[in-house]
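Listing of start_1.pdb, PDB, C-alpha atoms and all ligand atoms
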```pdb
MODEL        1
ATOM      1  CA  MET D   1     -21.173  20.561 -13.237
ATOM      2  CA  GLY D   2     -20.119  18.501 -10.242
ATOM      3  CA  LYS D   3     -16.503  17.960  -9.269
ATOM      4  CA  VAL D   4     -14.399  15.466 -11.193
ATOM      5  CA  PHE D   5     -11.909  13.049  -9.626
ATOM      6  CA  GLY D   6      -9.975  10.252 -11.238
ATOM      7  CA  LEU D   7      -7.340   7.583 -11.329
ATOM      8  CA  LEU D   8      -4.162   7.902 -13.398
ATOM      9  CA  GLY D   9      -2.723   4.471 -14.169
ATOM     10  CA  HIS D  10      -1.750   2.095 -16.953
ATOM     11  CA  PRO D  11      -3.626  -0.187 -17.223
ATOM     12  CA  VAL D  12      -6.697   0.762 -15.150
ATOM     13  CA  GLY D  13      -9.334  -1.595 -16.553
ATOM     14  CA  HIS D  14      -9.696  -3.764 -13.457
ATOM     15  CA  SER D  15      -9.549  -0.964 -10.879
ATOM     16  CA  MET D  16     -12.232  -0.981  -8.198
ATOM     17  CA  SER D  17     -11.511   2.659  -7.277
ATOM     18  CA  PRO D  18     -14.277   4.158  -9.489
ATOM     19  CA  ASN D  19     -16.857   1.851  -7.855
ATOM     20  CA  ILE D  20     -15.948   2.665  -4.276
ATOM     21  CA  HIS D  21     -15.461   6.411  -4.719
ATOM     22  CA  ASN D  22     -18.583   6.954  -6.833
ATOM     23  CA  ASP D  23     -20.599   4.998  -4.266
ATOM     24  CA  ALA D  24     -19.151   7.119  -1.437
ATOM     25  CA  PHE D  25     -19.893  10.402  -3.261
ATOM     26  CA  GLY D  26     -23.478   9.255  -3.767
ATOM     27  CA  HIS D  27     -23.880   7.963  -0.234
ATOM     28  CA  ILE D  28     -22.516  11.130   1.410
ATOM     29  CA  GLY D  29     -24.310  13.386  -1.079
ATOM     30  CA  ILE D  30     -21.319  15.031  -2.764
ATOM     31  CA  ASP D  31     -21.886  16.156  -6.356
ATOM     32  CA  ALA D  32     -18.828  14.507  -7.901
ATOM     33  CA  THR D  33     -17.770  11.679 -10.196
ATOM     34  CA  TYR D  34     -14.640   9.529 -10.364
ATOM     35  CA  HIS D  35     -13.219   8.181 -13.644
ATOM     36  CA  ALA D  36     -10.344   5.814 -14.405
ATOM     37  CA  PHE D  37      -7.950   7.362 -16.935
ATOM     38  CA  ASP D  38      -5.539   5.049 -18.741
ATOM     39  CA  VAL D  39      -2.461   7.270 -19.172
ATOM     40  CA  ASP D  40       0.410   6.117 -21.344
ATOM     41  CA  PRO D  41       3.718   6.755 -19.492
ATOM     42  CA  ASN D  42       4.784   9.075 -22.351
ATOM     43  CA  PHE D  43       1.888  11.392 -21.528
ATOM     44  CA  ILE D  44       2.051  11.568 -17.740
ATOM     45  CA  LYS D  45       3.389  15.147 -17.742
ATOM     46  CA  ASP D  46       0.521  16.217 -20.026
ATOM     47  CA  ALA D  47      -1.967  14.368 -17.844
ATOM     48  CA  ILE D  48      -0.824  16.311 -14.775
ATOM     49  CA  ALA D  49      -1.006  19.597 -16.701
ATOM     50  CA  GLY D  50      -4.486  18.455 -17.763
ATOM     51  CA  LEU D  51      -5.594  18.191 -14.124
ATOM     52  CA  LYS D  52      -4.981  21.925 -13.803
ATOM     53  CA  ALA D  53      -6.334  22.860 -17.226
ATOM     54  CA  LEU D  54      -9.560  20.915 -16.733
ATOM     55  CA  GLN D  55      -9.833  21.841 -13.052
ATOM     56  CA  ILE D  56     -10.030  18.220 -11.998
ATOM     57  CA  SER D  57     -10.379  18.295  -8.215
ATOM     58  CA  GLY D  58      -8.097  15.403  -7.367
ATOM     59  CA  CYS D  59      -6.938  11.967  -8.335
ATOM     60  CA  ASN D  60      -5.330   8.734  -7.333
ATOM     61  CA  VAL D  61      -2.124   7.637  -8.991
ATOM     62  CA  THR D  62      -1.228   4.002  -9.508
ATOM     63  CA  VAL D  63       1.270   1.769 -11.303
ATOM     64  CA  PRO D  64       3.412   2.819 -13.145
ATOM     65  CA  HIS D  65       3.087   6.563 -12.419
ATOM     66  CA  LYS D  66       3.533   6.884  -8.632
ATOM     67  CA  ILE D  67       7.131   8.127  -8.867
ATOM     68  CA  ALA D  68       6.953   9.880 -12.249
ATOM     69  CA  VAL D  69       4.191  12.325 -11.216
ATOM     70  CA  MET D  70       6.219  13.773  -8.354
ATOM     71  CA  GLU D  71       8.313  16.223 -10.370
ATOM     72  CA  TYR D  72       5.207  17.866 -11.838
ATOM     73  CA  LEU D  73       3.463  18.625  -8.545
ATOM     74  CA  ASP D  74       3.578  21.976  -6.712
ATOM     75  CA  GLU D  75       3.924  20.479  -3.245
ATOM     76  CA  ILE D  76       4.586  17.060  -1.746
ATOM     77  CA  ASP D  77       3.528  16.056   1.733
ATOM     78  CA  GLU D  78       6.278  14.805   4.068
ATOM     79  CA  GLU D  79       5.167  11.176   4.217
ATOM     80  CA  ALA D  80       4.951  10.954   0.397
ATOM     81  CA  ARG D  81       8.411  12.544   0.150
ATOM     82  CA  LEU D  82       9.874   9.984   2.544
ATOM     83  CA  ILE D  83       8.177   7.130   0.697
ATOM     84  CA  GLY D  84       9.335   8.569  -2.618
ATOM     85  CA  ALA D  85       5.977   8.018  -4.298
ATOM     86  CA  VAL D  86       2.578   9.702  -4.588
ATOM     87  CA  ASN D  87      -0.767   7.897  -4.820
ATOM     88  CA  THR D  88      -3.076  10.866  -4.171
ATOM     89  CA  ILE D  89      -3.202  14.359  -5.679
ATOM     90  CA  VAL D  90      -5.367  17.193  -4.389
ATOM     91  CA  ASN D  91      -6.014  20.227  -6.593
ATOM     92  CA  VAL D  92      -6.116  23.180  -4.191
ATOM     93  CA  ASN D  93      -7.203  26.159  -6.297
ATOM     94  CA  GLY D  94      -4.809  25.206  -9.079
ATOM     95  CA  ARG D  95      -1.960  24.039  -6.829
ATOM     96  CA  LEU D  96      -1.372  20.294  -7.044
ATOM     97  CA  VAL D  97      -0.429  18.691  -3.718
ATOM     98  CA  GLY D  98       0.804  15.069  -3.556
ATOM     99  CA  TYR D  99       0.178  12.616  -0.716
ATOM    100  CA  ASN D 100       0.739   8.912  -0.166
ATOM    101  CA  THR D 101      -1.970   7.023   1.706
ATOM    102  CA  ASP D 102      -0.752   3.473   0.984
ATOM    103  CA  GLY D 103       1.525   3.073   4.000
ATOM    104  CA  ARG D 104      -0.941   4.587   6.455
ATOM    105  CA  GLY D 105      -3.669   2.497   4.876
ATOM    106  CA  PHE D 106      -1.729  -0.611   5.792
ATOM    107  CA  VAL D 107      -0.822   0.551   9.307
ATOM    108  CA  GLU D 108      -4.466   1.365  10.054
ATOM    109  CA  SER D 109      -5.555  -2.040   8.764
ATOM    110  CA  LEU D 110      -2.992  -3.732  11.011
ATOM    111  CA  GLU D 111      -4.144  -1.707  14.030
ATOM    112  CA  GLU D 112      -7.814  -2.418  13.314
ATOM    113  CA  GLU D 113      -7.502  -6.102  12.516
ATOM    114  CA  ALA D 114      -4.826  -7.116  15.035
ATOM    115  CA  GLN D 115      -5.514  -4.601  17.834
ATOM    116  CA  ILE D 116      -1.852  -4.412  18.815
ATOM    117  CA  ASP D 117       0.495  -1.758  20.089
ATOM    118  CA  LEU D 118       3.129  -1.431  17.350
ATOM    119  CA  GLN D 119       5.741   0.335  19.511
ATOM    120  CA  THR D 120       7.175  -2.837  21.008
ATOM    121  CA  LYS D 121       6.742  -5.204  18.070
ATOM    122  CA  ARG D 122       9.379  -6.921  15.936
ATOM    123  CA  PHE D 123       8.599  -6.781  12.201
ATOM    124  CA  LEU D 124       9.823  -8.979   9.349
ATOM    125  CA  ILE D 125       9.267  -7.351   5.949
ATOM    126  CA  ILE D 126       9.615  -9.534   2.855
ATOM    127  CA  GLY D 127      10.553  -7.446  -0.182
ATOM    128  CA  ALA D 128      12.151  -4.043  -0.655
ATOM    129  CA  GLY D 129      10.298  -2.488  -3.599
ATOM    130  CA  GLY D 130       7.849   0.408  -3.730
ATOM    131  CA  ALA D 131       5.185  -1.301  -1.631
ATOM    132  CA  ALA D 132       7.725  -2.191   1.075
ATOM    133  CA  ARG D 133       8.961   1.389   1.166
ATOM    134  CA  GLY D 134       5.449   2.740   1.724
ATOM    135  CA  ILE D 135       4.758   0.381   4.565
ATOM    136  CA  VAL D 136       8.146   0.660   6.230
ATOM    137  CA  THR D 137       7.984   4.470   6.127
ATOM    138  CA  SER D 138       4.571   4.571   7.778
ATOM    139  CA  LEU D 139       5.558   1.949  10.366
ATOM    140  CA  LEU D 140       8.712   3.902  11.243
ATOM    141  CA  ARG D 141       6.764   7.151  11.559
ATOM    142  CA  LYS D 142       4.334   5.414  13.873
ATOM    143  CA  GLY D 143       7.170   3.799  15.853
ATOM    144  CA  ILE D 144       7.964   0.085  15.998
ATOM    145  CA  GLY D 145      10.222  -2.076  18.161
ATOM    146  CA  HIS D 146      12.530  -3.599  15.543
ATOM    147  CA  LEU D 147      12.733  -3.969  11.762
ATOM    148  CA  THR D 148      14.108  -6.911   9.780
ATOM    149  CA  ILE D 149      14.012  -6.956   5.981
ATOM    150  CA  THR D 150      14.669  -9.859   3.670
ATOM    151  CA  ASN D 151      14.796  -9.414  -0.097
ATOM    152  CA  ARG D 152      15.961 -11.474  -3.070
ATOM    153  CA  THR D 153      18.284  -8.583  -3.925
ATOM    154  CA  ALA D 154      19.671  -7.578  -0.505
ATOM    155  CA  GLU D 155      21.218  -4.252  -1.711
ATOM    156  CA  LYS D 156      17.785  -2.914  -2.580
ATOM    157  CA  ALA D 157      16.958  -2.826   1.135
ATOM    158  CA  THR D 158      19.795  -0.369   1.918
ATOM    159  CA  PRO D 159      17.634   2.782   1.575
ATOM    160  CA  LEU D 160      15.160   1.270   4.058
ATOM    161  CA  LEU D 161      17.945   0.705   6.575
ATOM    162  CA  LYS D 162      18.967   4.338   6.168
ATOM    163  CA  LEU D 163      15.398   5.411   6.773
ATOM    164  CA  ALA D 164      15.186   3.274   9.919
ATOM    165  CA  LYS D 165      18.339   4.956  11.198
ATOM    166  CA  GLU D 166      16.748   8.387  10.716
ATOM    167  CA  PHE D 167      13.877   7.196  12.902
ATOM    168  CA  LYS D 168      16.308   5.709  15.445
ATOM    169  CA  THR D 169      14.808   2.265  14.955
ATOM    170  CA  GLN D 170      17.039  -0.802  15.062
ATOM    171  CA  ALA D 171      17.026  -2.534  11.689
ATOM    172  CA  GLU D 172      18.829  -5.257   9.756
ATOM    173  CA  VAL D 173      18.770  -7.026   6.407
ATOM    174  CA  ILE D 174      19.060 -10.810   6.478
ATOM    175  CA  GLU D 175      19.038 -13.724   4.057
ATOM    176  CA  LYS D 176      15.799 -15.558   3.398
ATOM    177  CA  LYS D 177      17.180 -18.771   4.934
ATOM    178  CA  GLN D 178      17.994 -17.002   8.196
ATOM    179  CA  ALA D 179      14.534 -15.434   8.310
ATOM    180  CA  GLU D 180      12.956 -18.848   7.755
ATOM    181  CA  ASN D 181      15.002 -20.345  10.590
ATOM    182  CA  GLN D 182      14.014 -17.708  13.152
ATOM    183  CA  LEU D 183      10.412 -16.946  12.236
ATOM    184  CA  SER D 184       9.327 -17.230  15.852
ATOM    185  CA  HIS D 185      11.343 -14.026  16.590
ATOM    186  CA  TYR D 186       8.835 -11.878  14.716
ATOM    187  CA  ASP D 187       5.559 -10.509  16.035
ATOM    188  CA  VAL D 188       4.445  -9.368  12.586
ATOM    189  CA  ILE D 189       5.502 -10.849   9.222
ATOM    190  CA  ILE D 190       4.515  -8.961   6.051
ATOM    191  CA  ASN D 191       4.761 -10.064   2.426
ATOM    192  CA  THR D 192       5.115  -6.960   0.245
ATOM    193  CA  THR D 193       6.150  -8.818  -2.909
ATOM    194  CA  SER D 194       3.815  -9.975  -5.668
ATOM    195  CA  ILE D 195       4.698 -13.634  -5.013
ATOM    196  CA  GLY D 196       1.420 -15.553  -4.722
ATOM    197  CA  MET D 197      -0.666 -13.030  -6.632
ATOM    198  CA  SER D 198      -3.198 -14.370  -9.141
ATOM    199  CA  PRO D 199      -2.549 -16.219 -11.457
ATOM    200  CA  ASN D 200       0.598 -17.526  -9.671
ATOM    201  CA  VAL D 201      -1.350 -18.563  -6.603
ATOM    202  CA  GLU D 202       0.720 -21.612  -5.657
ATOM    203  CA  TYR D 203       3.860 -19.656  -4.708
ATOM    204  CA  THR D 204       4.889 -18.358  -1.272
ATOM    205  CA  PRO D 205       7.690 -15.824  -0.597
ATOM    206  CA  LEU D 206       9.273 -17.985   2.113
ATOM    207  CA  SER D 207       8.777 -21.245   3.961
ATOM    208  CA  LEU D 208       6.642 -20.987   7.098
ATOM    209  CA  GLU D 209       7.736 -24.305   8.609
ATOM    210  CA  GLN D 210       9.189 -22.646  11.730
ATOM    211  CA  LEU D 211       6.205 -20.335  12.246
ATOM    212  CA  THR D 212       4.455 -20.362  15.627
ATOM    213  CA  ASP D 213       0.932 -19.155  16.313
ATOM    214  CA  LYS D 214       2.295 -16.048  18.114
ATOM    215  CA  SER D 215       3.057 -14.237  14.847
ATOM    216  CA  ILE D 216       0.599 -12.098  12.901
ATOM    217  CA  VAL D 217       1.040 -12.789   9.194
ATOM    218  CA  CYS D 218       0.099 -10.179   6.560
ATOM    219  CA  ASP D 219       0.016 -10.158   2.784
ATOM    220  CA  LEU D 220      -0.572  -6.982   0.780
ATOM    221  CA  ILE D 221      -2.142  -9.069  -1.979
ATOM    222  CA  TYR D 222      -5.965  -9.139  -2.176
ATOM    223  CA  ASN D 223      -6.326 -11.267  -5.293
ATOM    224  CA  PRO D 224      -6.652 -14.019  -4.212
ATOM    225  CA  LEU D 225      -8.106 -12.909  -0.872
ATOM    226  CA  ASP D 226      -6.057 -15.555   0.885
ATOM    227  CA  THR D 227      -2.705 -16.287  -0.706
ATOM    228  CA  ALA D 228      -0.966 -19.652  -0.230
ATOM    229  CA  PHE D 229       1.204 -17.769   2.316
ATOM    230  CA  LEU D 230      -1.805 -16.752   4.423
ATOM    231  CA  ILE D 231      -3.442 -20.175   4.093
ATOM    232  CA  GLU D 232      -0.279 -21.793   5.455
ATOM    233  CA  ALA D 233      -0.101 -19.268   8.308
ATOM    234  CA  LYS D 234      -3.746 -19.930   9.202
ATOM    235  CA  LYS D 235      -2.973 -23.639   9.416
ATOM    236  CA  LYS D 236      -0.318 -22.797  12.012
ATOM    237  CA  GLY D 237      -2.977 -20.983  14.014
ATOM    238  CA  CYS D 238      -1.822 -17.431  13.202
ATOM    239  CA  LEU D 239      -3.965 -14.342  12.858
ATOM    240  CA  THR D 240      -3.714 -13.343   9.190
ATOM    241  CA  ILE D 241      -4.405 -10.047   7.422
ATOM    242  CA  ASN D 242      -4.902  -9.762   3.661
ATOM    243  CA  GLY D 243      -4.585  -6.685   1.422
ATOM    244  CA  VAL D 244      -8.269  -5.709   1.383
ATOM    245  CA  GLY D 245      -8.043  -3.519   4.490
ATOM    246  CA  MET D 246      -5.047  -1.642   3.103
ATOM    247  CA  PHE D 247      -6.806  -1.074  -0.224
ATOM    248  CA  VAL D 248      -9.963   0.198   1.465
ATOM    249  CA  ASN D 249      -8.072   2.404   3.923
ATOM    250  CA  GLN D 250      -5.840   4.029   1.302
ATOM    251  CA  ALA D 251      -8.984   4.854  -0.680
ATOM    252  CA  ALA D 252     -10.773   6.237   2.379
ATOM    253  CA  LEU D 253      -7.755   8.373   3.310
ATOM    254  CA  SER D 254      -7.550   9.755  -0.258
ATOM    255  CA  PHE D 255     -11.270  10.541  -0.124
ATOM    256  CA  GLU D 256     -10.705  12.437   3.130
ATOM    257  CA  HIS D 257      -7.903  14.486   1.554
ATOM    258  CA  TRP D 258     -10.209  15.460  -1.316
ATOM    259  CA  THR D 259     -13.455  16.132   0.529
ATOM    260  CA  GLY D 260     -12.660  16.569   4.214
ATOM    261  CA  LYS D 261     -15.306  13.906   4.853
ATOM    262  CA  LYS D 262     -14.918  10.355   6.161
ATOM    263  CA  PRO D 263     -16.477   7.742   3.897
ATOM    264  CA  GLU D 264     -17.907   4.547   5.396
ATOM    265  CA  ARG D 265     -15.042   2.076   5.175
ATOM    266  CA  GLU D 266     -17.329  -0.922   5.781
ATOM    267  CA  ARG D 267     -19.340   0.051   2.711
ATOM    268  CA  MET D 268     -16.151   0.342   0.665
ATOM    269  CA  ARG D 269     -14.999  -3.062   1.915
ATOM    270  CA  LYS D 270     -18.292  -4.689   0.873
ATOM    271  CA  ILE D 271     -17.978  -3.287  -2.657
ATOM    272  CA  VAL D 272     -14.397  -4.573  -2.922
ATOM    273  CA  LEU D 273     -15.360  -8.029  -1.646
ATOM    274  CA  THR D 274     -18.348  -8.209  -4.003
ATOM    275  CA  ASN D 275     -16.104  -7.264  -6.931
ATOM    276  CA  LEU D 276     -13.487  -9.824  -5.966
ATOM    277  CA  GLY D 277     -15.995 -12.531  -5.224
TER
HETATM  278  P1  LIG X 301       6.159  -2.961  -5.752
HETATM  279  O1  LIG X 301       6.016  -1.510  -6.043
HETATM  280  O2  LIG X 301       4.889  -3.751  -5.928
HETATM  281  O3  LIG X 301       6.803  -3.222  -4.437
HETATM  282  P2  LIG X 301       8.656  -3.481  -7.074
HETATM  283  O4  LIG X 301       9.148  -2.139  -6.657
HETATM  284  O5  LIG X 301       8.948  -3.958  -8.449
HETATM  285  O6  LIG X 301       7.069  -3.543  -6.922
HETATM  286  O7  LIG X 301       9.167  -4.559  -5.980
HETATM  287  C1  LIG X 301       8.850  -5.902  -6.072
HETATM  288  C2  LIG X 301       9.410  -6.649  -4.860
HETATM  289  O8  LIG X 301       9.054  -8.031  -4.972
HETATM  290  C3  LIG X 301      10.923  -6.618  -4.769
HETATM  291  O9  LIG X 301      11.293  -6.737  -3.415
HETATM  292  C4  LIG X 301      11.304  -7.876  -5.550
HETATM  293  O10 LIG X 301      12.582  -8.404  -5.243
HETATM  294  P3  LIG X 301      13.906  -7.803  -5.964
HETATM  295  O11 LIG X 301      14.199  -6.500  -5.283
HETATM  296  O12 LIG X 301      14.935  -8.822  -5.722
HETATM  297  O13 LIG X 301      13.542  -7.637  -7.424
HETATM  298  C5  LIG X 301      10.237  -8.824  -5.069
HETATM  299  N1  LIG X 301       9.985  -9.918  -6.014
HETATM  300  C6  LIG X 301       9.171  -9.884  -7.099
HETATM  301  N2  LIG X 301       9.161 -11.087  -7.713
HETATM  302  C7  LIG X 301       9.971 -11.911  -6.984
HETATM  303  C8  LIG X 301      10.362 -13.288  -7.095
HETATM  304  N3  LIG X 301       9.906 -14.075  -8.066
HETATM  305  N4  LIG X 301      11.196 -13.790  -6.141
HETATM  306  C9  LIG X 301      11.655 -13.004  -5.130
HETATM  307  N5  LIG X 301      11.324 -11.703  -4.986
HETATM  308  C10 LIG X 301      10.492 -11.151  -5.897
ENDMDL
END
```
What's the structure tokens form of this structure?
Amino acid sequence: MGKVFGLLGHPVGHSMSPNIHNDAFGHIGIDATYHAFDVDPNFIKDAIAGLKALQISGCNVTVPHKIAVMEYLDEIDEEARLIGAVNTIVNVNGRLVGYNTDGRGFVESLEEEAQIDLQTKRFLIIGAGGAARGIVTSLLRKGIGHLTITNRTAEKATPLLKLAKEFKTQAEVIEKKQAENQLSHYDVIINTTSIGMSPNVEYTPLSLEQLTDKSIVCDLIYNPLDTAFLIEAKKKGCLTINGVGMFVNQAALSFEHWTGKKPERERMRKIVLTNLG
């Protein structure tokens, strides 16, 4: 029997991960299949034990299990530990090792699509939840010029400030109004919240009135492909980046952890766009 990989999530019905990974296995010629497993949160511990018992070779982990799985793994990679969440598990001869490819997936998409040197850039991050933590961690590891965070609940950004300090990166938390008034200060503006996600497509996380065309504007959302936030930024003449690149890159990086082989990201992107279209 070929190797078995999977996704642990709840729900998983709309996931595109089985499509892109099964296509990549076929294309590269690896005898393996990828299944989406809908795991009730009450059974996540059993599901992880099941990976070992059934000798499942690896899996992705998605909402709501990314934090819960951590205590059941044998080893956690440094980046995943800093992020505080795991989205990829590799079964190495019965030892389960956790990684997080979300943050790096985003950073690589930013580098590819904007072709910029991050070291000197000023970042505005909107939101301070799990997605923000992944991205901020990977940005800090890579090295950025300055970090500003704005969140509805300001206190929730405190751990991110602490993290920035560990990486000796200047950082601050500011009110939404202040961010809106000084948008031209930021080289890169990233929405990490779910504001604007289908079906609530008319909402934007903050007003872009003061935006100039010098900023790169990113949204982690990929449904819709262009959120109201990105549409507004485009109208101002900005380069915009949606969540497709991050989704594709996190999948490709997981695939590399499992197989040691690089899948064709362009192929993965086409499958995602066809599914979304
Ligand atoms: P995720 O893992 O997707 O980041 P999360 O950890 O629940 O999900 O974080 C969601 C983020 O979106 C948070 O920053 C949240 O703000 P709060 O910390 O104040 O809750 C933000 N968010 C979600 N809905 C929002 C809304 N309607 N208005 C403002 N912020 C919102």
Wanna dump the chain D-ligand LIG 301 (chain X) contacts at 7 Å for me, each residue with its shortest atom pair and the distance in Å to one decimal, counting all atoms listed in the file, ordered by chain and number, as a Markdown table?
```
| residue | atom | partner | partner_atom | distance |
| --- | --- | --- | --- | --- |
| D:Gly127 | CA | X:LIG301 | O9 | 3.4 |
| D:Ala128 | CA | X:LIG301 | O9 | 4.0 |
| D:Gly129 | CA | X:LIG301 | O4 | 3.3 |
| D:Gly130 | CA | X:LIG301 | O1 | 3.5 |
| D:Ala131 | CA | X:LIG301 | O3 | 3.8 |
| D:Ala132 | CA | X:LIG301 | O3 | 5.7 |
| D:Asn151 | CA | X:LIG301 | O9 | 5.5 |
| D:Arg152 | CA | X:LIG301 | O12 | 3.9 |
| D:Thr153 | CA | X:LIG301 | O12 | 3.8 |
| D:Lys156 | CA | X:LIG301 | O11 | 5.7 |
| D:Thr192 | CA | X:LIG301 | O3 | 6.2 |
| D:Thr193 | CA | X:LIG301 | O8 | 3.6 |
| D:Ser194 | CA | X:LIG301 | C6 | 5.5 |
| D:Ile195 | CA | X:LIG301 | N2 | 5.8 |
| D:Pro205 | CA | X:LIG301 | C9 | 6.6 |
```
What are the nearest atom pairs, with distances in Å to one decimal, for all residues of segment 105-216 of chain D that come at most 12 Å from segment 253-256 of chain D, using all atoms listed in the file, set out by chain and rising residue number as JSON lines?
```
{"residue": "D:Gly105", "atom": "CA", "partner": "D:Leu253", "partner_atom": "CA", "distance": 7.3}
{"residue": "D:Phe106", "atom": "CA", "partner": "D:Leu253", "partner_atom": "CA", "distance": 11.1}
{"residue": "D:Glu108", "atom": "CA", "partner": "D:Leu253", "partner_atom": "CA", "distance": 10.3}
{"residue": "D:Ser109", "atom": "CA", "partner": "D:Leu253", "partner_atom": "CA", "distance": 12.0}
```
Could you save the residues just selected, with C-alpha atoms, as a PDB file, in the coordinates of the input?
```
ATOM      1  CA  GLY D 105      -3.669   2.497   4.876  1.00  0.00           C
ATOM      2  CA  PHE D 106      -1.729  -0.611   5.792  1.00  0.00           C
ATOM      3  CA  GLU D 108      -4.466   1.365  10.054  1.00  0.00           C
ATOM      4  CA  SER D 109      -5.555  -2.040   8.764  1.00  0.00           C
TER       5      SER D 109
END
```
| request: Considering only C-alpha atoms, state which residue in the set D:Leu239, D:Glu172, D:Tyr99, D:Leu8 is at the smallest distance from Ile116 of chain D. | output: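 When distances to Ile116 of chain D are compared using only C-alpha atoms, the smallest one comes from D:Leu239.
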| request: Would you kindly translate the PyMOL selection byres (((chain D and resi 98) around 12) and not hetatm) into the concrete residues it picks from this file, as a ChimeraX atom specification? | output: /D:48,58-61,66-81,83-92,95-97,99-101,254,257-258
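With all atoms listed in the file as the atoms that count, the minimum distance from Leu110 of chain D to the choices D:Ile135, D:Ile20, D:Ala164, D:Leu183 is reached by D:Ile135.
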| Can you list, as an MDAnalysis selection string, the residues that the PyMOL selection byres (((chain D and resi 181) around 10) and not hetatm) selects here? | chainID D and resid 176:180 182:185 207:211
Just C-alpha atoms for this one: save the residues we selected as a tab-separated table (two decimals), in the frame of the given file.
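Just written: result.tsv:
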```tsv
chain	number	residue	atom	x	y	z
D	176	LYS	CA	15.80	-15.56	3.40
D	177	LYS	CA	17.18	-18.77	4.93
D	178	GLN	CA	17.99	-17.00	8.20
D	179	ALA	CA	14.53	-15.43	8.31
D	180	GLU	CA	12.96	-18.85	7.76
D	182	GLN	CA	14.01	-17.71	13.15
D	183	LEU	CA	10.41	-16.95	12.24
D	184	SER	CA	9.33	-17.23	15.85
D	185	HIS	CA	11.34	-14.03	16.59
D	207	SER	CA	8.78	-21.24	3.96
D	208	LEU	CA	6.64	-20.99	7.10
D	209	GLU	CA	7.74	-24.30	8.61
D	210	GLN	CA	9.19	-22.65	11.73
D	211	LEU	CA	6.20	-20.34	12.25
```
Go ahead and fit an axis-aligned box to every listed atom of segment 189-200 of chain D plus 6 Å each side, and pass me the centre and edge lengths in Å, one decimal, as JSON.
```
{"center_x": 1.5, "center_y": -12.2, "center_z": -1.1, "size_x": 21.3, "size_y": 22.6, "size_z": 32.7}
```
| field | Residue among D:Ala251, D:Gly196, D:Phe123, D:Val201 lying closest to Gly6 of chain D, counting all atoms listed in the file | value | D:Ala251
| said: At a cut-off of 10 Å, using all atoms listed in the file, what residues contact Leu163 of chain D? Leave out same-chain residues fewer than 2 positions from it and give the result as a ChimeraX atom specification. | reply: /D:82-83,133,136-137,140,158-161,165-169,171
| task | Figure out the distance between atom CA of Phe37 of chain D and atom CA of Phe5 of chain D, please, to one decimal in Å. | result | 10.1 Å
| Any chance you could work out the residue set of the PyMOL selection byres (((chain D and resi 222) around 12) and not hetatm) here, as a PyMOL selection string? | chain D and resi 16+191-192+194-198+201+218-221+223-228+230+241-248+269+272-273+275-277
| remark: Using all atoms listed in the file, the best pick from D:Glu264, D:His10, D:Lys52, D:Ala24 as closest to Asp40 of chain D would be D:His10
| request: For atom CA of Glu112 of chain D and atom CA of Gln170 of chain D, determine how far apart the two atoms are, in Å to one decimal place. | output: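 Taking atom CA of Glu112 of chain D as the start and atom CA of Gln170 of chain D as the end point, the length is 25.0 Å.
Distances to Lys142 of chain D were evaluated for D:Gly29, D:Gly260, D:Gly103, D:Gly9 using only C-alpha atoms, and the minimum falls at D:Gly103.
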| message | I'd like to know which of D:Lys262, D:Lys234, D:Lys121, D:Lys162 is closest to Gly145 of chain D, using all atoms listed in the file. | response |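 Ranked by minimum distance to Gly145 of chain D, first place goes to D:Lys121.
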| request: Quick one: pull the distance between atom CA of Thr148 of chain D and atom CA of Arg122 of chain D, Å, one decimal. | output: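 Going from atom CA of Thr148 of chain D over to atom CA of Arg122 of chain D, I get 7.8 Å.
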For Met1 of chain D, list every protein, DNA or RNA residue within 12 Å, evaluated using all atoms listed in the file, and leave out those in the same chain fewer than 6 positions away; present the list as a PDB file with C-alpha atoms, in the frame of the given file.
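Saved result, part10.pdb, follows:
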```
ATOM      1  CA  ILE D  30     -21.319  15.031  -2.764  1.00  0.00           C
ATOM      2  CA  ASP D  31     -21.886  16.156  -6.356  1.00  0.00           C
ATOM      3  CA  ALA D  32     -18.828  14.507  -7.901  1.00  0.00           C
ATOM      4  CA  THR D  33     -17.770  11.679 -10.196  1.00  0.00           C
ATOM      5  CA  GLN D  55      -9.833  21.841 -13.052  1.00  0.00           C
ATOM      6  CA  ILE D  56     -10.030  18.220 -11.998  1.00  0.00           C
TER       7      ILE D  56
END
```
I'd like the neighbourhood of Thr150 of chain D as a PDB file with C-alpha atoms, in the frame of the given file, where a residue qualifies if any of its atoms comes within 6 Å (using all atoms listed in the file), though same-chain residues fewer than 6 positions away should be ignored.
```pdb
ATOM      1  CA  ILE D 126       9.615  -9.534   2.855  1.00  0.00           C
ATOM      2  CA  VAL D 173      18.770  -7.026   6.407  1.00  0.00           C
ATOM      3  CA  ILE D 174      19.060 -10.810   6.478  1.00  0.00           C
ATOM      4  CA  GLU D 175      19.038 -13.724   4.057  1.00  0.00           C
ATOM      5  CA  LYS D 176      15.799 -15.558   3.398  1.00  0.00           C
TER       6      LYS D 176
END
```
| request: Identify, on the basis of only C-alpha atoms, every residue whose closest approach to Leu124 of chain D does not exceed 8 Å; exclude the query and any residue fewer than 5 positions from it along the same chain; express the result as a VMD selection string. | output: chain D and resid 147 to 150 186 188 to 190
Near Thr120 of chain D, counting only C-alpha atoms, which residues have an atom at most 9 Å away, once you skip same-chain residues fewer than 2 positions from it, shown as a short mmCIF file (atom, residue, chain, number, x, y, z; two decimals) with C-alpha atoms, in the coordinates of the input?
```cif
data_model
loop_
_atom_site.label_atom_id
_atom_site.label_comp_id
_atom_site.auth_asym_id
_atom_site.auth_seq_id
_atom_site.Cartn_x
_atom_site.Cartn_y
_atom_site.Cartn_z
CA ASP D 117 0.50 -1.76 20.09
CA LEU D 118 3.13 -1.43 17.35
CA ARG D 122 9.38 -6.92 15.94
CA GLY D 143 7.17 3.80 15.85
CA ILE D 144 7.96 0.08 16.00
CA GLY D 145 10.22 -2.08 18.16
CA HIS D 146 12.53 -3.60 15.54
#
```
